[in-house]
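Below: one structure, written as structure tokens.
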Amino acid sequence: MLIIKNATVVNFSPPEVHRGWDLVIDNGMIAAAGPGASEGLKADEVWDLNGDIVHPGLVCSHNHFYSGLSRGILADINPSPDFISILKNLWWRLDRAIDKDILKSSALICSLDAIRNGTTAVIDHHSSPSFIEGSLSVMKQSFEQTGLRGMSCYETSDRNGMSEMEAGVAENVRMAHEIDKEKEAGKWSGLYEAHIGGHAPFTIPESGMKMLKDAIDATGRGIHIHVAEDKYDAAHSHHHYDEDLLVRMDRHGLLNSKSLIAHGLYLSEKERNILDERNSFLVVNFRSNMNNNVGAQQHLGGIKNAALGTDGIGSDMWEEFKFAYFKHKDTGGPLWPGDFLNFLHNGNTLLERNFDSRFGRIEKGFKADLVVSDYRNPTPLKGENIAGHMAFGQSAGSVRSVVIDGKVVMKDRKFPFDEKEIYAEARENAARLWENMNKLDDSK
Ligand SMILES: [Zn+2]
């Protein structure tokens with residue numbers, strides 16, 4: 001049991017601030033929260049926060065831990081005038097250059113990065129065509145080793161041939177069944193769950209869509225896929241299938257309340273209606289869209305379920321929240337910081353749909369995924385202006401300690417293990433990854 005005394009509790013949705021609360025954390029859950037909630041109780045560990053803030057952990061709803069070693073990349077990359085060139089020259093070479101050791105390093109440093117930024121759950125989307133079978137086990141181990149909550153899936157694609165597409169679907173099914181077996185045996189960590197992954201409709205032929213539907217039916221999991229990240233995806237669908245992207249996916253029965261659609265910049269009104277009717281999620285990634293010059297999401301306000309992701313640009317959701325809001329404003333958008341705080345909070349709904357628990361509030365009965373922050377508000381902090389503090393001041397620099405599933409995974413900015421060796425190994429593996437990329441045939 002962990003007791004946190006004298007905390008200023010900040011909940012994001014509905015937004016509220018409570019001063020002088022105690023929290024009791026037991027068995028992975030918030031067992032009690034409120035003034036005097038810890039009275040008479042004895043705990044293994046007691047923190048007196050002296051008024052410092054506790055808020056729910058942040059959720060990154062779309063990420064790529066396989067790209068973690070691309071930061072500062074020094075490899076021969078041809079000029080890439082459009083989105084498809086960026087994929088071919090950079091990301092589809094990088095993912096083919098990944099082996100087991102490189103992936104392990106990449107996933108570990110991404111997990112640590114998430115925790116350090118107060119992100120307690122990450123929904124990942126994975127690709128490593130030279131190391132498919134077993135790749136999701138490496139992801140799972142990294143989450144469990146660091147104590148991070150999250151999900152991953154293998155991004156099924158025919159871009160390197162049909163046998164690879166089949167292997168991708170098989171890896172998704174294998175991992176979902178592995179988790180099911182752990183659950184049946186009472187050995188599941190509770191930290192890691194599975195999606196069924198697809199790269200994007202333009203690299204998934206009809207046979208692949210059918211295989212994904214079969215995998216969803218066999219596992220009870222939802223699809224996680226890029227859709228309409230660039231105009232090309234929408235145009236490809238119109239050219240080859242004479243259908244809008246989500247009309248095509250819906251024809252294959254791929255959309256339901258567990259579906260996660262990443263980007264969706266070029267969805268028609270009809271497609272947005274389908275998305276809402278199926279109660280599926282749209283996850284937007286403003287920084288990544290800016291980086292790839294693919295445009296900015298223009299329909300966020302009208303979407304029923306929307307959340308924020310980084311698409312591989314780290315797991316600092318404070319930064320992503322700010323970029324998303326400011327880019328929206330920069331393009332003349334009507335929404336306010338409070339709307340974007342709701343999108344950020346909605347990542348918890350994604351977790352609830354996949355983990356069968358309650359997430360995203362400091363309240364009795366919710367999972368104990370939380371952050372202790374030393375943010376010093378120079379102006380009054382109230383429920384009504386939490387989002388304003390986040391957009392114009394508070395940052396990941398205020399994150400002091402992180403608890404996930406009731407376990408302390410970072411305390412006073414220190415991990416419960418020496419992380420220096422993990423980073424040293426990552427630097428070696430990054431150099432090897434970049435060399436591997438230079439050796440790859442560019443014609444693919
Ligand atoms: Zn992505």
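Note on naming: chains are A, B, ... as they come in the structure tokens, residues start from 1 per chain, ligands start from 1 in the order shown.
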>> Could you list, as a ChimeraX atom specification, all residues that come within 12 Å of ligand 1? Count only C-alpha atoms and all ligand atoms.
In response: /A:60-67,87,91,123-127,152-155,197-200,224-230,260-264,283-289,292,308-314
> If we count only C-alpha atoms, what is near Gly383 of chain A at a cut-off of 6 Å, once residues fewer than 6 positions away on the same chain are taken out, given as a ChimeraX atom specification?
Replying inline: /A:15-17
Store the residues picked out above, limited to N, CA and C atoms, as a CSV table (one decimal), in the first residue's frame.
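As written to disk, part24.csv reads:
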```
chain,number,residue,atom,x,y,z
A,15,PRO,N,-12.9,18.8,-15.4
A,15,PRO,CA,-11.8,19.4,-14.8
A,15,PRO,C,-12.1,19.9,-13.4
A,16,GLU,N,-11.2,19.6,-12.4
A,16,GLU,CA,-11.5,20.0,-11.0
A,16,GLU,C,-10.2,20.0,-10.3
A,17,VAL,N,-10.1,20.8,-9.2
A,17,VAL,CA,-8.9,20.9,-8.4
A,17,VAL,C,-9.4,20.7,-6.9
```
> How many Å lie between atom CA of Arg427 of chain A and atom CA of Ser105 of chain A, rounded to one decimal?
Replying inline: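 Taking atom CA of Arg427 of chain A and atom CA of Ser105 of chain A, their separation equals 8.7 Å.
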> Restricting the calculation to only C-alpha atoms, which member of A:Asn348, A:Ser207, A:Asn117, A:Asn436 is positioned closest to Phe12 of chain A?
Replying inline: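 Comparing A:Asn348, A:Ser207, A:Asn117, A:Asn436 against Phe12 of chain A, the winner is A:Asn348.
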>> What does the structure give for the distance between atom CA of Ser106 of chain A and atom CA of Glu178 of chain A, in Å to one decimal?
In response: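 For atom CA of Ser106 of chain A relative to atom CA of Glu178 of chain A, the distance reads 22.4 Å.
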> Could you pull out all residues of segment 143-380 of chain A with a DSSP call of helix (DSSP H, G or I) and give them as an NGL selection string?
Replying inline: :A and (143-146 or 162-184 or 201-203 or 206-219 or 231-241 or 245-251 or 269-277 or 286-292 or 300-302 or 317-330 or 337-355)
> How would you write, as a PyMOL selection string, the set of residues in segment 220-253 of chain A that DSSP gives as strand (DSSP E or B)?
Replying inline: chain A and resi 223-227
Now that the selection is made, can you save its residues with C-alpha atoms as a CSV table (one decimal), in the first residue's frame?
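In the end it all went to again-v5.csv:
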```
chain,number,residue,atom,x,y,z
A,223,ILE,CA,-7.8,-2.8,-35.5
A,224,HIS,CA,-5.1,-0.1,-35.3
A,225,ILE,CA,-4.3,1.4,-38.6
A,226,HIS,CA,-3.2,4.6,-40.4
A,227,VAL,CA,-5.9,6.0,-42.7
```
>> With only C-alpha atoms as the counted atoms, please give the residues lying no more than 6 Å from Ser128 of chain A, apart from itself and same-chain residues fewer than 5 positions off, as number ranges by chain.
In response: A: 95-96, 98
Residues from the last selection, N, CA and C atoms, saved as a PDB file, in the first residue's frame:
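Contents of out.pdb, as written:
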```pdb
ATOM      1  N   ASP A  95      12.679   0.497 -40.862  1.00  0.00           N
ATOM      2  CA  ASP A  95      12.038  -0.660 -40.211  1.00  0.00           C
ATOM      3  C   ASP A  95      12.634  -1.991 -40.701  1.00  0.00           C
ATOM      4  N   ARG A  96      13.079  -2.020 -42.003  1.00  0.00           N
ATOM      5  CA  ARG A  96      13.700  -3.259 -42.500  1.00  0.00           C
ATOM      6  C   ARG A  96      15.086  -3.489 -41.889  1.00  0.00           C
ATOM      7  N   ILE A  98      15.827  -3.159 -38.773  1.00  0.00           N
ATOM      8  CA  ILE A  98      15.702  -3.460 -37.337  1.00  0.00           C
ATOM      9  C   ILE A  98      15.830  -4.957 -37.085  1.00  0.00           C
TER      10      ILE A  98
END
```
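Minimum atom-to-atom distance to Arg93 of chain A, evaluated using only C-alpha atoms, belongs to A:Asp76 out of A:Asp76, A:Asp330, A:Glu419, A:Glu352.
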>> Measuring between only C-alpha atoms, which one of A:Asn293, A:Ser280, A:Asn11, A:Asn6 shows the shortest distance to Pro81 of chain A?
In response: A:Asn293
>> Between atom CA of Trp21 of chain A and atom CA of Leu49 of chain A, what is the distance in Å, rounded to a tenth?
In response: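 About the pair atom CA of Trp21 of chain A and atom CA of Leu49 of chain A: they are 10.0 Å apart.
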>> If we count only C-alpha atoms and set the cut-off at 12 Å, which residues sit around segment 236-246 of chain A, ignoring sequence neighbours fewer than 2 positions away in its own chain? Please answer as number ranges by chain.
In response: A: 84, 200-206, 209, 225-234, 248-256, 259-261, 264-278, 280, 282
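Here the question is which of A:Lys304, A:Arg432, A:Lys407, A:Arg116 gets nearest to Trp318 of chain A using only C-alpha atoms, and that residue is A:Arg116.
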> Could you pull the residues within 9 Å of Ser38 of chain A, counting only C-alpha atoms, minus those fewer than 5 positions along the same chain, as a list in words?
Replying inline: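 In the requested form, the answer reads Ile3, Ile4, Lys5, Asp22, Leu23, Val24, Ala32 and Ala33 of chain A.
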Just the selected residues (N, CA, C and O atoms), exported as an mmCIF file, in the first residue's frame, please.
```
data_model
loop_
_atom_site.group_PDB
_atom_site.id
_atom_site.type_symbol
_atom_site.label_atom_id
_atom_site.label_comp_id
_atom_site.auth_asym_id
_atom_site.auth_seq_id
_atom_site.Cartn_x
_atom_site.Cartn_y
_atom_site.Cartn_z
ATOM 1 N N ILE A 3 0.544 5.440 0.490
ATOM 2 C CA ILE A 3 -0.323 6.556 0.891
ATOM 3 C C ILE A 3 0.323 7.863 0.443
ATOM 4 O O ILE A 3 1.523 8.081 0.667
ATOM 5 N N ILE A 4 -0.450 8.689 -0.218
ATOM 6 C CA ILE A 4 0.018 10.016 -0.632
ATOM 7 C C ILE A 4 -0.804 11.038 0.148
ATOM 8 O O ILE A 4 -2.039 11.076 0.033
ATOM 9 N N LYS A 5 -0.114 11.835 0.981
ATOM 10 C CA LYS A 5 -0.821 12.773 1.860
ATOM 11 C C LYS A 5 -0.665 14.212 1.373
ATOM 12 O O LYS A 5 0.325 14.548 0.724
ATOM 13 N N ASP A 22 -5.893 13.212 0.588
ATOM 14 C CA ASP A 22 -5.015 12.041 0.754
ATOM 15 C C ASP A 22 -5.465 10.978 -0.241
ATOM 16 O O ASP A 22 -6.655 10.881 -0.562
ATOM 17 N N LEU A 23 -4.500 10.185 -0.692
ATOM 18 C CA LEU A 23 -4.818 9.063 -1.592
ATOM 19 C C LEU A 23 -4.306 7.769 -0.990
ATOM 20 O O LEU A 23 -3.210 7.735 -0.422
ATOM 21 N N VAL A 24 -5.101 6.727 -1.130
ATOM 22 C CA VAL A 24 -4.666 5.394 -0.704
ATOM 23 C C VAL A 24 -4.602 4.522 -1.952
ATOM 24 O O VAL A 24 -5.603 4.366 -2.671
ATOM 25 N N ALA A 32 -8.850 4.806 -2.058
ATOM 26 C CA ALA A 32 -9.580 5.898 -1.413
ATOM 27 C C ALA A 32 -8.935 7.219 -1.822
ATOM 28 O O ALA A 32 -7.731 7.277 -2.060
ATOM 29 N N ALA A 33 -9.734 8.269 -1.911
ATOM 30 C CA ALA A 33 -9.220 9.597 -2.254
ATOM 31 C C ALA A 33 -10.125 10.640 -1.635
ATOM 32 O O ALA A 33 -11.343 10.587 -1.800
#
```
>> When you look at Ser357 of chain A with a cut-off of 12 Å (counting only C-alpha atoms), what residues show up, excluding the ones that are within fewer than 4 positions of it in the same chain? I need them as a PyMOL selection string.
In response: chain A and resi 28-30+190-191+348-353+361+365-369+405
Keeping only all heavy atoms, write the selected residues as a compact mmCIF listing (two decimals), in the first residue's frame.
```txt
# COMPACT_ATOMS: atom_id res chain seq x y z
N GLY A 28 -2.98 -1.95 -7.13
CA GLY A 28 -3.07 -1.36 -8.46
C GLY A 28 -4.15 -0.31 -8.63
O GLY A 28 -4.27 0.29 -9.68
N MET A 29 -4.94 -0.13 -7.58
CA MET A 29 -6.10 0.77 -7.71
C MET A 29 -5.99 1.95 -6.74
O MET A 29 -5.26 1.90 -5.74
CB MET A 29 -7.39 0.01 -7.36
CG MET A 29 -7.60 -1.29 -8.09
SD MET A 29 -7.92 -1.05 -9.83
CE MET A 29 -9.53 -0.28 -9.77
N ILE A 30 -6.75 2.99 -7.02
CA ILE A 30 -6.95 4.05 -6.04
C ILE A 30 -8.06 3.55 -5.11
O ILE A 30 -9.23 3.45 -5.51
CB ILE A 30 -7.34 5.38 -6.71
CG1 ILE A 30 -6.19 5.83 -7.63
CG2 ILE A 30 -7.64 6.44 -5.66
CD1 ILE A 30 -6.51 7.04 -8.49
N GLY A 190 -1.28 -7.26 -16.48
CA GLY A 190 -2.28 -6.19 -16.49
C GLY A 190 -1.79 -4.94 -17.20
O GLY A 190 -2.52 -3.96 -17.31
N LEU A 191 -0.53 -4.97 -17.66
CA LEU A 191 0.06 -3.76 -18.25
C LEU A 191 -0.06 -3.71 -19.77
O LEU A 191 -0.05 -2.64 -20.36
CB LEU A 191 1.56 -3.69 -17.90
CG LEU A 191 1.91 -3.33 -16.46
CD1 LEU A 191 3.42 -3.40 -16.25
CD2 LEU A 191 1.39 -1.94 -16.09
N ASN A 348 -7.84 7.72 -22.29
CA ASN A 348 -8.28 6.82 -21.22
C ASN A 348 -9.46 5.97 -21.64
O ASN A 348 -9.60 4.83 -21.20
CB ASN A 348 -8.64 7.63 -19.96
CG ASN A 348 -7.41 8.25 -19.34
OD1 ASN A 348 -6.56 7.55 -18.80
ND2 ASN A 348 -7.29 9.56 -19.45
N THR A 349 -10.33 6.53 -22.49
CA THR A 349 -11.46 5.74 -22.98
C THR A 349 -10.95 4.59 -23.84
O THR A 349 -11.47 3.47 -23.77
CB THR A 349 -12.42 6.64 -23.80
OG1 THR A 349 -12.76 7.77 -23.01
CG2 THR A 349 -13.67 5.90 -24.21
N LEU A 350 -9.91 4.88 -24.64
CA LEU A 350 -9.27 3.81 -25.42
C LEU A 350 -8.77 2.70 -24.49
O LEU A 350 -8.94 1.51 -24.77
CB LEU A 350 -8.10 4.37 -26.22
CG LEU A 350 -8.40 4.92 -27.61
CD1 LEU A 350 -7.22 5.70 -28.13
CD2 LEU A 350 -8.74 3.79 -28.56
N LEU A 351 -8.13 3.10 -23.38
CA LEU A 351 -7.65 2.09 -22.42
C LEU A 351 -8.82 1.31 -21.84
O LEU A 351 -8.77 0.08 -21.73
CB LEU A 351 -6.86 2.75 -21.29
CG LEU A 351 -5.56 3.47 -21.66
CD1 LEU A 351 -4.92 4.05 -20.40
CD2 LEU A 351 -4.58 2.52 -22.35
N GLU A 352 -9.88 2.02 -21.46
CA GLU A 352 -11.03 1.35 -20.83
C GLU A 352 -11.65 0.32 -21.77
O GLU A 352 -12.11 -0.74 -21.33
CB GLU A 352 -12.07 2.39 -20.39
CG GLU A 352 -11.58 3.21 -19.20
CD GLU A 352 -12.60 4.23 -18.71
OE1 GLU A 352 -13.58 4.51 -19.44
OE2 GLU A 352 -12.40 4.76 -17.60
N ARG A 353 -11.64 0.62 -23.06
CA ARG A 353 -12.22 -0.31 -24.03
C ARG A 353 -11.36 -1.56 -24.22
O ARG A 353 -11.82 -2.56 -24.77
CB ARG A 353 -12.41 0.39 -25.38
CG ARG A 353 -13.51 1.44 -25.33
CD ARG A 353 -13.70 2.10 -26.68
NE ARG A 353 -14.74 3.13 -26.58
CZ ARG A 353 -15.22 3.78 -27.63
NH1 ARG A 353 -14.77 3.53 -28.84
NH2 ARG A 353 -16.16 4.69 -27.46
N ARG A 361 -8.84 9.20 -13.86
CA ARG A 361 -9.26 10.11 -12.79
C ARG A 361 -8.59 9.71 -11.48
O ARG A 361 -8.32 8.53 -11.24
CB ARG A 361 -10.78 10.09 -12.60
CG ARG A 361 -11.53 10.88 -13.65
CD ARG A 361 -13.02 10.91 -13.37
NE ARG A 361 -13.38 11.63 -12.14
CZ ARG A 361 -13.37 12.96 -12.04
NH1 ARG A 361 -13.02 13.71 -13.04
NH2 ARG A 361 -13.72 13.54 -10.91
N GLY A 365 -11.69 3.66 -7.11
CA GLY A 365 -12.20 2.73 -8.12
C GLY A 365 -11.52 2.85 -9.46
O GLY A 365 -11.78 2.05 -10.35
N PHE A 366 -10.63 3.85 -9.61
CA PHE A 366 -9.88 3.99 -10.86
C PHE A 366 -8.50 3.35 -10.70
O PHE A 366 -7.98 3.24 -9.59
CB PHE A 366 -9.72 5.47 -11.24
CG PHE A 366 -10.96 6.04 -11.88
CD1 PHE A 366 -12.11 6.29 -11.12
CD2 PHE A 366 -10.98 6.31 -13.24
CE1 PHE A 366 -13.26 6.80 -11.70
CE2 PHE A 366 -12.12 6.81 -13.84
CZ PHE A 366 -13.27 7.07 -13.07
N LYS A 367 -7.93 2.94 -11.83
CA LYS A 367 -6.57 2.40 -11.82
C LYS A 367 -5.60 3.47 -11.30
O LYS A 367 -5.73 4.66 -11.64
CB LYS A 367 -6.16 1.98 -13.24
CG LYS A 367 -6.63 0.58 -13.61
CD LYS A 367 -5.75 -0.47 -12.94
CE LYS A 367 -6.17 -1.87 -13.34
NZ LYS A 367 -5.42 -2.88 -12.56
N ALA A 368 -4.61 3.03 -10.53
CA ALA A 368 -3.64 3.97 -9.97
C ALA A 368 -2.52 4.22 -10.97
O ALA A 368 -1.40 3.73 -10.83
CB ALA A 368 -3.09 3.43 -8.64
N ASP A 369 -2.84 4.97 -12.02
CA ASP A 369 -1.86 5.46 -13.01
C ASP A 369 -1.81 6.97 -12.81
O ASP A 369 -2.72 7.68 -13.26
CB ASP A 369 -2.31 5.15 -14.44
CG ASP A 369 -2.30 3.66 -14.76
OD1 ASP A 369 -2.11 2.84 -13.84
OD2 ASP A 369 -2.49 3.31 -15.94
N ASP A 405 -0.24 1.38 -12.41
CA ASP A 405 -0.82 0.16 -11.86
C ASP A 405 -0.45 -0.01 -10.38
O ASP A 405 -0.22 -1.12 -9.90
CB ASP A 405 -0.35 -1.06 -12.68
CG ASP A 405 -1.38 -2.19 -12.64
OD1 ASP A 405 -2.57 -1.91 -12.83
OD2 ASP A 405 -0.98 -3.35 -12.39
```
>> I need the residue nearest Ile77 of chain A from this list: A:Ala43, A:Val173, A:Val399, A:Leu94. Use only C-alpha atoms for the distance.
In response: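 Nearest candidate to Ile77 of chain A out of A:Ala43, A:Val173, A:Val399, A:Leu94: A:Leu94.
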>> Given only C-alpha atoms as the basis, pick out the residue of A:Ser130, A:Ser13, A:Ser80, A:Glu425 nearest to Leu108 of chain A.
In response: A:Glu425
